[in-house]
$ cat data09.cif   # mmCIF, C-alpha atoms
data_model
loop_
_atom_site.label_atom_id
_atom_site.label_comp_id
_atom_site.auth_asym_id
_atom_site.auth_seq_id
_atom_site.Cartn_x
_atom_site.Cartn_y
_atom_site.Cartn_z
CA MET A 1 -4.24 17.21 12.05
CA GLN A 2 -6.44 14.53 13.57
CA ILE A 3 -5.26 10.96 13.76
CA LEU A 4 -7.49 7.89 14.02
CA LYS A 5 -5.95 5.08 16.08
CA GLN A 6 -7.86 1.80 16.11
CA ARG A 7 -7.21 -1.91 16.58
CA PHE A 8 -8.50 -4.23 13.88
CA MET A 9 -9.87 -6.94 16.18
CA GLN A 10 -13.28 -7.58 14.59
CA LYS A 11 -13.15 -4.44 12.47
CA ASN A 12 -12.95 -4.78 8.69
CA ILE A 13 -11.07 -2.17 6.67
CA LEU A 14 -11.63 -1.24 3.04
CA LEU A 15 -9.04 0.93 1.32
CA LYS A 16 -10.55 2.62 -1.71
CA ALA A 17 -8.78 3.40 -4.98
CA ALA A 18 -5.25 2.83 -3.72
CA LYS A 19 -2.38 2.77 -6.21
CA ILE A 20 -0.16 -0.13 -5.17
CA LEU A 21 3.60 0.37 -5.32
CA ASP A 22 5.18 -3.01 -4.60
CA ALA A 23 7.43 -4.56 -7.23
CA SER A 24 6.96 -7.98 -5.61
CA SER A 25 3.18 -7.84 -6.10
CA LEU A 26 1.13 -8.81 -9.13
CA HIS A 27 -0.81 -5.57 -8.51
CA HIS A 28 2.23 -3.29 -8.77
CA GLN A 29 1.43 0.09 -10.35
CA THR A 30 -2.32 -0.63 -10.44
CA LYS A 31 -5.15 1.17 -8.63
CA GLN A 32 -7.18 -1.23 -6.51
CA ASP A 33 -9.50 -1.50 -3.53
CA ILE A 34 -7.99 -3.53 -0.68
CA PHE A 35 -10.15 -5.34 1.86
CA ILE A 36 -8.50 -6.21 5.19
CA GLN A 37 -10.01 -8.45 7.83
CA ASN A 38 -8.36 -9.10 11.20
CA GLY A 39 -5.04 -7.81 9.94
CA VAL A 40 -4.95 -9.95 6.78
CA ILE A 41 -5.55 -8.89 3.17
CA LYS A 42 -8.67 -10.80 2.09
CA ASP A 43 -9.49 -9.22 -1.26
CA ILE A 44 -7.94 -6.94 -3.88
CA GLY A 45 -9.95 -5.67 -6.82
CA LYS A 46 -11.92 -2.93 -8.48
CA ASN A 47 -15.03 -1.40 -6.91
CA LEU A 48 -15.13 -3.77 -3.95
CA SER A 49 -18.10 -3.49 -1.58
CA TYR A 50 -18.07 -4.68 2.02
CA PRO A 51 -20.92 -2.89 3.82
CA ASP A 52 -19.62 -3.62 7.32
CA ALA A 53 -16.09 -2.38 6.61
CA GLN A 54 -14.59 0.90 7.74
CA LEU A 55 -13.88 2.88 4.58
CA VAL A 56 -10.47 4.52 4.30
CA ALA A 57 -10.15 6.88 1.34
CA PHE A 58 -7.67 9.68 0.72
CA GLU A 59 -6.90 11.94 -2.20
CA ASP A 60 -4.33 10.36 -4.52
CA LEU A 61 -3.91 7.41 -2.16
CA HIS A 62 -0.82 5.26 -2.70
CA VAL A 63 0.01 2.10 -0.75
CA SER A 64 3.32 0.30 -0.32
CA LEU A 65 4.86 -2.29 1.94
CA GLY A 66 5.54 -0.81 5.36
CA TRP A 67 8.67 1.32 5.62
CA PHE A 68 11.70 0.36 7.73
CA ASP A 69 14.27 2.47 9.59
CA SER A 70 17.33 0.62 10.88
CA ASN A 71 18.78 3.32 13.14
CA VAL A 72 16.32 5.09 15.44
CA SER A 73 16.86 6.66 18.88
CA PHE A 74 14.24 8.08 21.22
CA GLY A 75 15.49 8.42 24.78
CA GLU A 76 13.53 6.06 26.97
CA PRO A 77 14.68 4.56 29.23
CA GLY A 78 16.77 7.19 30.95
CA PHE A 79 16.27 10.23 28.74
CA GLU A 80 12.50 10.56 28.52
CA GLU A 81 12.80 14.36 28.37
CA ARG A 82 14.14 13.88 24.83
CA GLU A 83 11.46 11.43 23.70
CA THR A 84 9.39 8.60 25.11
CA ILE A 85 8.95 5.30 23.34
CA ALA A 86 5.17 5.82 23.15
CA ASN A 87 5.36 9.23 21.50
CA GLY A 88 8.33 8.21 19.37
CA LEU A 89 6.42 5.27 17.93
CA ASP A 90 3.46 7.55 17.34
CA VAL A 91 5.75 9.85 15.35
CA ALA A 92 7.11 6.85 13.44
CA ALA A 93 3.59 5.73 12.48
CA LYS A 94 2.59 9.21 11.32
CA SER A 95 5.83 9.31 9.32
CA GLY A 96 4.97 6.05 7.52
CA PHE A 97 7.20 3.58 9.35
CA THR A 98 5.85 0.19 10.35
CA HIS A 99 9.21 -1.18 11.54
CA ILE A 100 12.10 0.46 13.39
CA ALA A 101 15.32 -0.92 14.86
CA TYR A 102 15.96 0.78 18.20
CA ASN A 103 19.41 2.03 19.19
CA THR A 104 21.32 1.26 22.38
CA ASN A 105 22.04 4.84 23.55
CA THR A 106 19.68 4.63 26.52
CA PHE A 107 20.20 4.40 30.28
CA PRO A 108 20.57 1.68 31.21
CA LYS A 109 22.16 0.49 28.00
CA PRO A 110 20.55 -2.77 26.90
CA ASP A 111 22.96 -5.55 27.84
CA SER A 112 20.58 -7.94 29.62
CA ARG A 113 17.44 -9.94 28.85
CA ALA A 114 15.47 -7.67 31.17
CA ASP A 115 16.49 -4.60 29.16
CA ILE A 116 15.32 -6.18 25.91
CA ALA A 117 12.07 -7.36 27.51
CA PHE A 118 11.37 -3.83 28.77
CA LEU A 119 11.75 -2.32 25.29
CA LEU A 120 9.51 -4.92 23.70
CA GLU A 121 6.86 -4.46 26.35
CA GLN A 122 6.82 -0.68 25.90
CA ALA A 123 5.99 -1.16 22.22
CA ASN A 124 3.27 -3.80 22.69
CA ASP A 125 0.35 -1.45 21.98
CA SER A 126 1.86 0.37 19.02
CA ALA A 127 1.04 -0.18 15.36
CA VAL A 128 4.81 0.11 14.78
CA ARG A 129 7.00 -2.90 15.43
CA LEU A 130 10.03 -1.98 17.53
CA TYR A 131 13.07 -4.22 17.14
CA PRO A 132 15.59 -3.65 19.94
CA LYS A 133 19.32 -3.74 19.39
CA ALA A 134 21.59 -4.93 22.19
CA ARG A 135 25.05 -3.89 23.26
CA ILE A 136 28.08 -5.65 21.83
CA THR A 137 29.99 -5.13 25.06
CA SER A 138 28.95 -4.84 28.67
CA ALA A 139 27.62 -1.37 29.47
CA ASP A 140 30.11 -0.91 32.32
CA ASP A 141 33.13 -2.65 30.77
CA THR A 142 33.77 -2.32 27.04
CA SER A 143 36.50 -4.97 27.21
CA ASN A 144 33.93 -7.70 27.90
CA LEU A 145 31.36 -8.98 25.42
CA ALA A 146 27.72 -8.79 26.45
CA PRO A 147 25.84 -12.15 26.62
CA MET A 148 25.07 -11.99 22.92
CA ARG A 149 23.40 -15.36 22.47
CA GLU A 150 21.11 -14.70 25.42
CA LEU A 151 20.24 -11.23 24.11
CA HIS A 152 19.53 -12.61 20.66
CA ALA A 153 17.18 -15.20 22.15
CA ALA A 154 15.43 -12.41 24.08
CA GLY A 155 14.65 -10.55 20.84
CA ALA A 156 17.65 -8.37 19.95
CA VAL A 157 17.93 -8.06 16.15
CA SER A 158 21.53 -6.85 16.10
CA PHE A 159 24.43 -5.87 18.33
CA SER A 160 25.58 -2.26 18.45
CA ASN A 161 27.38 0.18 20.71
CA HIS A 162 25.65 2.91 18.68
CA LYS A 163 28.11 5.76 17.99
CA GLU A 164 30.76 4.43 20.33
CA PRO A 165 33.44 2.99 18.02
CA ILE A 166 34.86 -0.44 18.86
CA SER A 167 38.39 0.72 19.56
CA ASN A 168 39.73 -2.74 20.43
CA ALA A 169 40.12 -4.74 17.24
CA ASN A 170 40.08 -8.04 19.12
CA THR A 171 36.69 -7.19 20.63
CA LEU A 172 35.20 -6.83 17.15
CA LYS A 173 36.83 -10.08 16.04
CA LEU A 174 35.43 -11.99 19.01
CA ALA A 175 31.96 -10.47 18.56
CA LEU A 176 31.83 -11.49 14.90
CA GLN A 177 33.02 -15.01 15.67
CA TYR A 178 30.65 -15.49 18.57
CA ALA A 179 27.62 -14.12 16.70
CA THR A 180 28.29 -16.49 13.78
CA ASP A 181 26.98 -19.38 15.90
CA PHE A 182 23.45 -17.95 15.81
CA ASP A 183 23.67 -15.86 12.60
CA GLY A 184 23.81 -12.60 14.58
CA LEU A 185 24.38 -9.21 12.97
CA VAL A 186 27.14 -7.03 14.45
CA GLU A 187 27.19 -3.26 13.85
CA SER A 188 30.33 -1.14 13.95
CA PHE A 189 30.35 2.66 13.84
CA PRO A 190 33.23 3.61 11.50
CA PHE A 191 35.01 6.36 13.43
CA ASN A 192 38.64 6.58 14.53
CA GLU A 193 38.53 8.41 17.85
CA ASP A 194 42.25 9.20 17.87
CA LEU A 195 41.79 11.36 14.79
CA GLY A 196 38.27 12.67 15.17
CA LYS A 197 37.15 12.90 18.79
CA ASP A 198 37.61 16.69 19.09
CA GLY A 199 36.02 17.50 15.73
CA VAL A 200 32.89 19.59 15.25
CA MET A 201 32.27 19.21 11.51
CA HIS A 202 33.81 17.95 8.29
CA GLU A 203 37.42 19.04 7.84
CA GLY A 204 37.57 21.18 4.73
CA ALA A 205 37.29 24.70 3.39
CA VAL A 206 34.17 25.50 5.44
CA SER A 207 35.62 24.34 8.76
CA THR A 208 38.81 26.32 8.04
CA ALA A 209 36.83 29.47 7.25
CA LEU A 210 34.76 29.07 10.42
CA GLY A 211 37.76 28.25 12.59
CA LEU A 212 36.24 24.97 13.81
CA ASN A 213 38.00 21.67 14.50
CA GLY A 214 37.41 19.28 11.64
CA ILE A 215 36.64 15.58 11.29
CA PRO A 216 38.59 14.45 8.21
CA SER A 217 37.21 11.79 5.90
CA VAL A 218 40.08 9.47 6.83
CA VAL A 219 38.52 9.13 10.31
CA GLU A 220 35.80 7.00 8.75
CA GLU A 221 37.83 5.31 6.06
CA MET A 222 40.63 4.09 8.35
CA GLN A 223 38.13 2.39 10.63
CA LEU A 224 36.28 0.88 7.69
CA LYS A 225 39.48 -0.64 6.33
CA ARG A 226 40.34 -2.08 9.74
CA ASP A 227 36.88 -3.52 10.33
CA LEU A 228 36.63 -5.01 6.85
CA GLY A 229 40.00 -6.68 7.37
CA ILE A 230 38.75 -8.17 10.63
CA LEU A 231 35.56 -9.35 8.90
CA GLN A 232 37.59 -11.07 6.20
CA TYR A 233 39.56 -12.92 8.87
CA ALA A 234 36.83 -13.69 11.40
CA GLU A 235 33.87 -14.02 9.01
CA GLY A 236 30.39 -13.30 10.35
CA LYS A 237 27.89 -10.57 9.45
CA LEU A 238 28.88 -6.89 9.76
CA HIS A 239 26.82 -3.74 9.29
CA PHE A 240 28.03 -0.13 9.17
CA PRO A 241 25.11 2.03 10.37
CA THR A 242 26.04 5.26 8.56
CA LEU A 243 28.48 6.15 5.77
CA SER A 244 29.41 9.69 4.79
CA THR A 245 32.26 9.73 2.26
CA ALA A 246 32.84 8.79 -1.37
CA ASP A 247 35.90 6.72 -0.49
CA SER A 248 33.85 4.73 2.03
CA VAL A 249 31.45 3.82 -0.77
CA GLN A 250 34.36 2.47 -2.80
CA LEU A 251 35.61 0.39 0.14
CA ILE A 252 32.16 -1.16 0.61
CA LYS A 253 31.90 -1.88 -3.10
CA GLU A 254 35.25 -3.68 -3.05
CA ALA A 255 34.27 -5.66 0.05
CA LYS A 256 31.03 -6.80 -1.55
CA ASN A 257 32.87 -7.80 -4.72
CA ALA A 258 35.14 -9.88 -2.47
CA LYS A 259 31.97 -11.63 -1.16
CA LEU A 260 32.29 -10.35 2.41
CA ASP A 261 29.00 -10.45 4.34
CA VAL A 262 28.77 -6.69 4.84
CA SER A 263 25.96 -4.14 4.65
CA CYS A 264 25.63 -0.43 5.33
CA SER A 265 23.22 2.48 5.49
CA VAL A 266 23.30 6.22 4.96
CA ALA A 267 21.51 8.96 6.90
CA ILE A 268 19.01 11.08 4.99
CA HIS A 269 20.75 14.31 6.03
CA ASN A 270 24.03 13.14 4.46
CA LEU A 271 22.12 12.67 1.19
CA PHE A 272 20.47 16.10 1.37
CA PHE A 273 22.93 18.56 2.95
CA THR A 274 26.62 19.42 2.80
CA ASP A 275 28.95 20.98 5.38
CA GLU A 276 27.83 24.40 4.14
CA ALA A 277 24.76 23.95 6.37
CA LEU A 278 27.02 24.88 9.31
CA GLN A 279 28.07 28.25 7.92
CA ALA A 280 25.54 29.99 10.18
CA PHE A 281 26.74 27.90 13.16
CA ASN A 282 23.50 25.91 13.09
CA ALA A 283 23.83 23.35 15.90
CA ASN A 284 21.12 21.16 14.33
CA ALA A 285 23.56 20.59 11.47
CA LYS A 286 26.12 19.14 13.89
CA VAL A 287 25.67 15.42 13.25
CA LEU A 288 27.88 12.35 13.37
CA PRO A 289 29.16 11.32 10.92
CA PRO A 290 29.37 14.94 9.81
CA LEU A 291 27.88 16.49 6.71
CA ARG A 292 30.53 16.25 4.03
CA GLU A 293 31.20 17.94 0.66
CA ALA A 294 29.04 17.95 -2.46
CA SER A 295 31.13 15.21 -4.11
CA ASP A 296 30.52 12.94 -1.12
CA LYS A 297 26.80 13.67 -1.15
CA GLU A 298 26.54 12.79 -4.83
CA ALA A 299 28.54 9.57 -4.37
CA LEU A 300 26.22 8.51 -1.54
CA GLN A 301 23.13 9.17 -3.65
CA HIS A 302 24.46 7.11 -6.56
CA ALA A 303 25.57 4.27 -4.26
CA LEU A 304 22.13 4.10 -2.66
CA LEU A 305 20.43 3.80 -6.04
CA GLU A 306 22.94 1.19 -7.20
CA GLY A 307 22.52 -0.91 -4.05
CA ILE A 308 26.11 -0.52 -2.86
CA ILE A 309 24.52 1.19 0.13
CA ASP A 310 21.87 -1.26 1.29
CA MET A 311 19.41 0.99 3.10
CA VAL A 312 18.62 4.48 4.26
CA THR A 313 18.06 5.68 7.82
CA SER A 314 16.70 8.84 9.36
CA ASP A 315 19.41 8.49 12.05
CA HIS A 316 16.67 9.94 14.27
CA GLN A 317 18.22 11.46 17.40
CA PRO A 318 15.96 13.65 19.57
CA LEU A 319 17.86 16.04 21.83
CA ASN A 320 16.39 18.55 24.26
CA SER A 321 17.22 22.23 23.76
CA GLU A 322 19.77 22.33 26.58
CA LEU A 323 21.99 20.06 24.49
CA LYS A 324 21.61 22.03 21.26
CA ASP A 325 21.10 25.70 22.18
CA VAL A 326 24.75 26.16 23.17
CA GLU A 327 28.04 27.03 21.47
CA LEU A 328 28.61 24.78 18.46
CA ASP A 329 31.66 23.05 19.90
CA ARG A 330 29.65 22.12 23.02
CA ALA A 331 26.45 21.06 21.26
CA HIS A 332 25.64 17.36 21.06
CA TYR A 333 25.58 15.57 17.72
CA GLY A 334 22.25 14.65 16.20
CA SER A 335 19.06 15.64 14.39
CA ILE A 336 15.57 14.19 14.29
CA GLY A 337 14.62 12.76 10.92
CA LEU A 338 11.75 10.26 10.96
CA GLU A 339 9.25 12.93 9.95
CA HIS A 340 11.40 14.05 7.02
CA SER A 341 12.50 10.76 5.45
CA PHE A 342 9.80 10.46 2.79
CA GLY A 343 9.89 14.11 1.74
CA CYS A 344 13.69 14.19 1.71
CA LEU A 345 14.03 11.12 -0.49
CA LEU A 346 11.20 12.18 -2.79
CA SER A 347 13.02 15.46 -3.43
CA LEU A 348 16.09 13.50 -4.57
CA PHE A 349 14.74 10.40 -6.32
CA SER A 350 11.75 9.18 -8.30
CA LEU A 351 8.69 8.00 -6.40
CA GLU A 352 9.33 4.36 -7.26
CA ASP A 353 12.98 4.58 -6.18
CA THR A 354 11.95 6.37 -2.98
CA ILE A 355 9.54 3.61 -1.99
CA ALA A 356 12.02 0.88 -2.92
CA ILE A 357 14.61 2.54 -0.68
CA LEU A 358 12.23 2.98 2.26
CA THR A 359 11.22 -0.69 2.17
CA ARG A 360 14.76 -2.08 1.93
CA GLY A 361 16.80 -3.55 4.76
CA LYS A 362 14.28 -5.71 6.62
CA VAL A 363 15.77 -9.02 5.53
CA ARG A 364 19.20 -8.00 6.85
CA TYR A 365 17.64 -7.66 10.30
CA GLY A 366 15.71 -10.93 10.05
CA ILE A 367 12.36 -9.20 9.53
CA SER A 368 9.91 -11.06 7.32
CA THR A 369 8.18 -9.29 4.46
CA HIS A 370 5.20 -10.26 2.29
CA PRO A 371 4.00 -8.86 -1.04
CA ILE A 372 0.72 -6.97 -1.19
CA GLU A 373 -1.38 -9.98 -2.15
CA VAL A 374 -4.48 -11.77 -0.89
CA GLY A 375 -3.64 -13.84 2.17
CA ALA A 376 -0.70 -11.71 3.25
CA PRO A 377 -0.56 -9.79 6.53
CA ALA A 378 -1.56 -6.15 6.14
CA ASP A 379 1.73 -4.31 6.71
CA LEU A 380 1.13 -1.15 4.73
CA THR A 381 2.14 2.49 4.47
CA LEU A 382 -0.41 4.94 3.08
CA PHE A 383 0.84 8.10 1.37
CA SER A 384 0.67 10.46 -1.60
CA PRO A 385 3.49 11.99 -3.65
CA ALA A 386 1.37 15.15 -3.89
CA GLY A 387 1.35 18.02 -1.45
CA SER A 388 4.19 19.73 0.38
CA THR A 389 4.96 21.04 3.84
CA GLU A 390 7.39 23.61 5.12
CA VAL A 391 9.15 22.19 8.16
CA THR A 392 8.68 24.45 11.18
CA LYS A 393 8.81 23.77 14.89
CA SER A 394 5.03 23.92 14.97
CA THR A 395 4.73 21.16 12.36
CA LEU A 396 7.11 18.82 14.19
CA LEU A 397 5.48 15.93 16.03
CA SER A 398 8.58 14.89 17.95
CA ARG A 399 8.97 16.02 21.55
CA SER A 400 12.45 17.42 20.76
CA LYS A 401 12.68 19.97 17.96
CA ASN A 402 16.32 19.60 16.88
CA SER A 403 15.59 19.23 13.18
CA LEU A 404 18.20 19.98 10.56
CA PHE A 405 15.31 20.27 8.07
CA LEU A 406 13.72 23.36 9.68
CA GLY A 407 12.87 25.82 6.93
CA GLN A 408 12.93 23.19 4.16
CA GLU A 409 9.94 22.62 1.88
CA LEU A 410 9.45 18.87 1.60
CA THR A 411 7.26 17.13 -0.95
CA GLY A 412 4.66 14.46 -0.36
CA THR A 413 2.08 13.50 2.24
CA VAL A 414 2.08 10.55 4.62
CA TYR A 415 -1.40 9.40 5.62
CA GLY A 416 -0.39 6.70 8.10
CA ILE A 417 0.05 2.95 8.45
CA ILE A 418 -1.84 -0.32 8.82
CA SER A 419 0.21 -2.86 10.75
CA ARG A 420 0.10 -5.27 13.71
CA ASP A 421 -3.68 -5.60 13.39
CA LYS A 422 -3.98 -1.87 13.99
CA ILE A 423 -4.69 1.16 11.88
CA GLN A 424 -3.21 4.57 12.52
CA VAL A 425 -4.13 7.09 9.86
CA GLN A 426 -5.43 10.60 9.46
CA LYS A 427 -9.20 10.82 9.50
CA ALA A 428 -10.39 10.32 5.98
#
$ encode --input "data09.cif" --output "structure tokens"
Amino acid sequence: MQILKQRFMQKNILLKAAKILDASSLHHQTKQDIFIQNGVIKDIGKNLSYPDAQLVAFEDLHVSLGWFDSNVSFGEPGFEERETIANGLDVAAKSGFTHIAYNTNTFPKPDSRADIAFLLEQANDSAVRLYPKARITSADDTSNLAPMRELHAAGAVSFSNHKEPISNANTLKLALQYATDFDGLVESFPFNEDLGKDGVMHEGAVSTALGLNGIPSVVEEMQLKRDLGILQYAEGKLHFPTLSTADSVQLIKEAKNAKLDVSCSVAIHNLFFTDEALQAFNANAKVLPPLREASDKEALQHALLEGIIDMVTSDHQPLNSELKDVELDRAHYGSIGLEHSFGCLLSLFSLEDTIAILTRGKVRYGISTHPIEVGAPADLTLFSPAGSTEVTKSTLLSRSKNSLFLGQELTGTVYGIISRDKIQVQKA
């Protein structure tokens, strides 16, 4: 598959016969031509003609606001063998994402202005906007808060220790209180290490049959209850990056009804798979939080549609083969997912719901968004609900191949993105 990468600069772009899916736009659900000049939408209409423009036309072309993923890992700096920022952003663009929030599981872990500046600089030339997260605590001392105000001023969109739970309740309280001064968003991974640190998969009938240590649902729910209690006391803004159980959904619903400033996301694999995916000891199915039971999966799907769960994430975690091609209890947690997000969601929900889900969450991270209208910046994802692809290692664009979706037939086609005054699409 050939990809055309080009800056706008003085180049004009004309999208032909694009069906617009954007509920905030007057052109929602209509097929239009879209003329873009220097990164701004200049005209929308039927049968537009701009002789100097580069024509972009695809079969069954659909256009939406650019998609957002709030929980993405690559590797760089420190683990470039897993994925570089440059190639990871290339994968994100080809997967339809114009915005990603970048996790803190790098080396060094981002707890200084220089770390944030490095991440932003690495993404300067990409069509995808990378929004770095910063550590809540110092990388070498989890009892001390990182300089959160300074990191926020440097460009950090949230504060996260990624999948390291905040074991000290007072640390979370202080982080929430301190971040309130500049409207900062604090993330807490809901996992009680005392109960779950030796677990391999969900604790249930499948783990018992396989003889594997389980991670019970209470591991997540206990931590959620604690953190929500701290939020109620300390106030501030709190986000839970991934939920996996039906009871967690109920806790979030109750917290929102109580007017707590809380949000959450769910990983695509927790919407699509259950713990039965580990019956063949598939290490790619070892993720954290773990795949749960069918009742949990269904509760998560309903909560996402209802808005109890605010956004979806690929929970993209590239891992080189040395970390996955080992015994299941020694394998690292994680699966790549950017490339599968659209097809996964489209297999579960309607097209309109899928696009609404993929474009949610930006406001929570302070990211501006504009309807597809004349005068607005061109921040667009190009795709079609038609077509399908079987996921194989040869079809994967990521440097690491640890995909839980290998062997799955996923619906839909992503053509690319137009964003940041750049176009990155398949050759028309």
$ residues_around --input "data09.cif" --residues "A:Glu276" --least-positions-apart "6" --cutoff "9 Å" --atoms "only C-alpha atoms" --output "list in words"
Val206, Leu291, Arg292 and Glu293 of chain A
$ resolve_selection --input "data09.cif" --expression "the PyMOL selection byres ((chain A and resi 188) around 8)" --output "compact mmCIF listing (two decimals) with C-alpha atoms, in the frame of the given file"
# COMPACT_ATOMS: atom_id res chain seq x y z
CA SER A 160 25.58 -2.26 18.45
CA ASN A 161 27.38 0.18 20.71
CA HIS A 162 25.65 2.91 18.68
CA PRO A 165 33.44 2.99 18.02
CA ILE A 166 34.86 -0.44 18.86
CA VAL A 186 27.14 -7.03 14.45
CA GLU A 187 27.19 -3.26 13.85
CA PHE A 189 30.35 2.66 13.84
CA PRO A 190 33.23 3.61 11.50
CA ASP A 227 36.88 -3.52 10.33
CA LEU A 238 28.88 -6.89 9.76
CA HIS A 239 26.82 -3.74 9.29
CA PHE A 240 28.03 -0.13 9.17
CA PRO A 241 25.11 2.03 10.37
$ resolve_selection --input "data09.cif" --expression "the PyMOL selection byres ((chain A and resi 256-272) around 9)" --output "count of residues only"
55
$ atom_distance --input "data09.cif" --atom1 "atom CA of A:Asp198" --atom2 "atom CA of A:Leu210"
15.4 Å
$ residues_around --input "data09.cif" --residues "A:Arg82" --least-positions-apart "5" --cutoff "6 Å" --atoms "all atoms listed in the file" --output "PyMOL selection string"
chain A and resi 75+318-320+400
$ resolve_selection --input "data09.cif" --expression "the PyMOL selection byres ((chain A and resi 24) around 10)" --output "JSON, numbers by chain"
{"A": [21, 22, 23, 25, 26, 27, 28, 65, 370, 371, 372, 373]}
$ residues_around --input "data09.cif" --residues "stretch 32-40 of chain A" --least-positions-apart "4" --cutoff "8 Å" --atoms "only C-alpha atoms" --output "list in words"
Phe8, Met9, Gln10, Lys11, Asn12, Ile13, Leu14, Leu15, Lys16, Ala17, Ala18, Lys19, Ile20, His27, Ile44, Gly45, Lys46, Asn47, Leu48, Tyr50, Val374, Gly375, Ala376, Pro377, Ala378, Ser419, Arg420, Asp421 and Lys422 of chain A
$ residues_around --input "data09.cif" --residues "A:Trp67" --least-positions-apart "2" --cutoff "7 Å" --atoms "all atoms listed in the file" --output "VMD selection string"
chain A and resid 65 69 96 to 99 358 to 359 381
$ atom_distance --input "data09.cif" --atom1 "atom CA of A:Pro77" --atom2 "atom CA of A:Lys197"
26.1 Å
$ atom_distance --input "data09.cif" --atom1 "atom CA of A:Leu172" --atom2 "atom CA of A:Ser158"
13.7 Å
$ closest_residue --input "data09.cif" --among "A:Ala209, A:Lys94, A:Ala294, A:Ala57" --to "A:Gln279" --atoms "all atoms listed in the file"
A:Ala209
$ closest_residue --input "data09.cif" --among "A:Asp329, A:Glu121, A:Glu220, A:Asp183" --to "A:Met201" --atoms "only C-alpha atoms"
A:Asp329
$ closest_residue --input "data09.cif" --among "A:Lys173, A:Ile355, A:Asp90, A:Arg360" --to "A:Pro385" --atoms "only C-alpha atoms"
A:Ile355
$ closest_residue --input "data09.cif" --among "A:Val219, A:Leu410, A:Ala280, A:Lys401" --to "A:Lys324" --atoms "all atoms listed in the file"
A:Lys401
$ closest_residue --input "data09.cif" --among "A:Leu328, A:Ile215, A:Ala53, A:Ala134" --to "A:Asp115" --atoms "all atoms listed in the file"
A:Ala134
$ build_atoms --input "data09.cif" --residues "stretch 400-412 of chain A" --atoms "N, CA and C atoms" --output "PDB file, keeping the file's coordinate frame"
ATOM      1  N   SER A 400      11.300  16.535  20.984  1.00  0.00           N
ATOM      2  CA  SER A 400      12.450  17.420  20.760  1.00  0.00           C
ATOM      3  C   SER A 400      12.355  18.023  19.364  1.00  0.00           C
ATOM      4  N   LYS A 401      12.861  19.222  19.210  1.00  0.00           N
ATOM      5  CA  LYS A 401      12.680  19.970  17.960  1.00  0.00           C
ATOM      6  C   LYS A 401      13.993  20.205  17.206  1.00  0.00           C
ATOM      7  N   ASN A 402      15.006  19.411  17.501  1.00  0.00           N
ATOM      8  CA  ASN A 402      16.320  19.600  16.880  1.00  0.00           C
ATOM      9  C   ASN A 402      16.366  19.021  15.464  1.00  0.00           C
ATOM     10  N   SER A 403      15.676  19.698  14.563  1.00  0.00           N
ATOM     11  CA  SER A 403      15.590  19.230  13.180  1.00  0.00           C
ATOM     12  C   SER A 403      16.489  20.051  12.272  1.00  0.00           C
ATOM     13  N   LEU A 404      17.359  19.353  11.571  1.00  0.00           N
ATOM     14  CA  LEU A 404      18.200  19.980  10.560  1.00  0.00           C
ATOM     15  C   LEU A 404      17.377  20.465   9.375  1.00  0.00           C
ATOM     16  N   PHE A 405      16.147  19.951   9.226  1.00  0.00           N
ATOM     17  CA  PHE A 405      15.310  20.270   8.070  1.00  0.00           C
ATOM     18  C   PHE A 405      14.403  21.488   8.311  1.00  0.00           C
ATOM     19  N   LEU A 406      14.528  22.161   9.433  1.00  0.00           N
ATOM     20  CA  LEU A 406      13.720  23.360   9.680  1.00  0.00           C
ATOM     21  C   LEU A 406      13.923  24.370   8.554  1.00  0.00           C
ATOM     22  N   GLY A 407      12.805  24.863   8.025  1.00  0.00           N
ATOM     23  CA  GLY A 407      12.870  25.820   6.930  1.00  0.00           C
ATOM     24  C   GLY A 407      12.831  25.199   5.551  1.00  0.00           C
ATOM     25  N   GLN A 408      12.954  23.876   5.458  1.00  0.00           N
ATOM     26  CA  GLN A 408      12.930  23.190   4.160  1.00  0.00           C
ATOM     27  C   GLN A 408      11.493  22.900   3.740  1.00  0.00           C
ATOM     28  N   GLU A 409      11.235  22.998   2.456  1.00  0.00           N
ATOM     29  CA  GLU A 409       9.940  22.620   1.880  1.00  0.00           C
ATOM     30  C   GLU A 409      10.070  21.198   1.360  1.00  0.00           C
ATOM     31  N   LEU A 410       9.347  20.264   1.971  1.00  0.00           N
ATOM     32  CA  LEU A 410       9.450  18.870   1.600  1.00  0.00           C
ATOM     33  C   LEU A 410       8.176  18.400   0.913  1.00  0.00           C
ATOM     34  N   THR A 411       8.357  17.584  -0.109  1.00  0.00           N
ATOM     35  CA  THR A 411       7.260  17.130  -0.950  1.00  0.00           C
ATOM     36  C   THR A 411       6.631  15.866  -0.404  1.00  0.00           C
ATOM     37  N   GLY A 412       5.340  15.697  -0.680  1.00  0.00           N
ATOM     38  CA  GLY A 412       4.660  14.460  -0.360  1.00  0.00           C
ATOM     39  C   GLY A 412       3.868  14.531   0.929  1.00  0.00           C
TER      40      GLY A 412
END
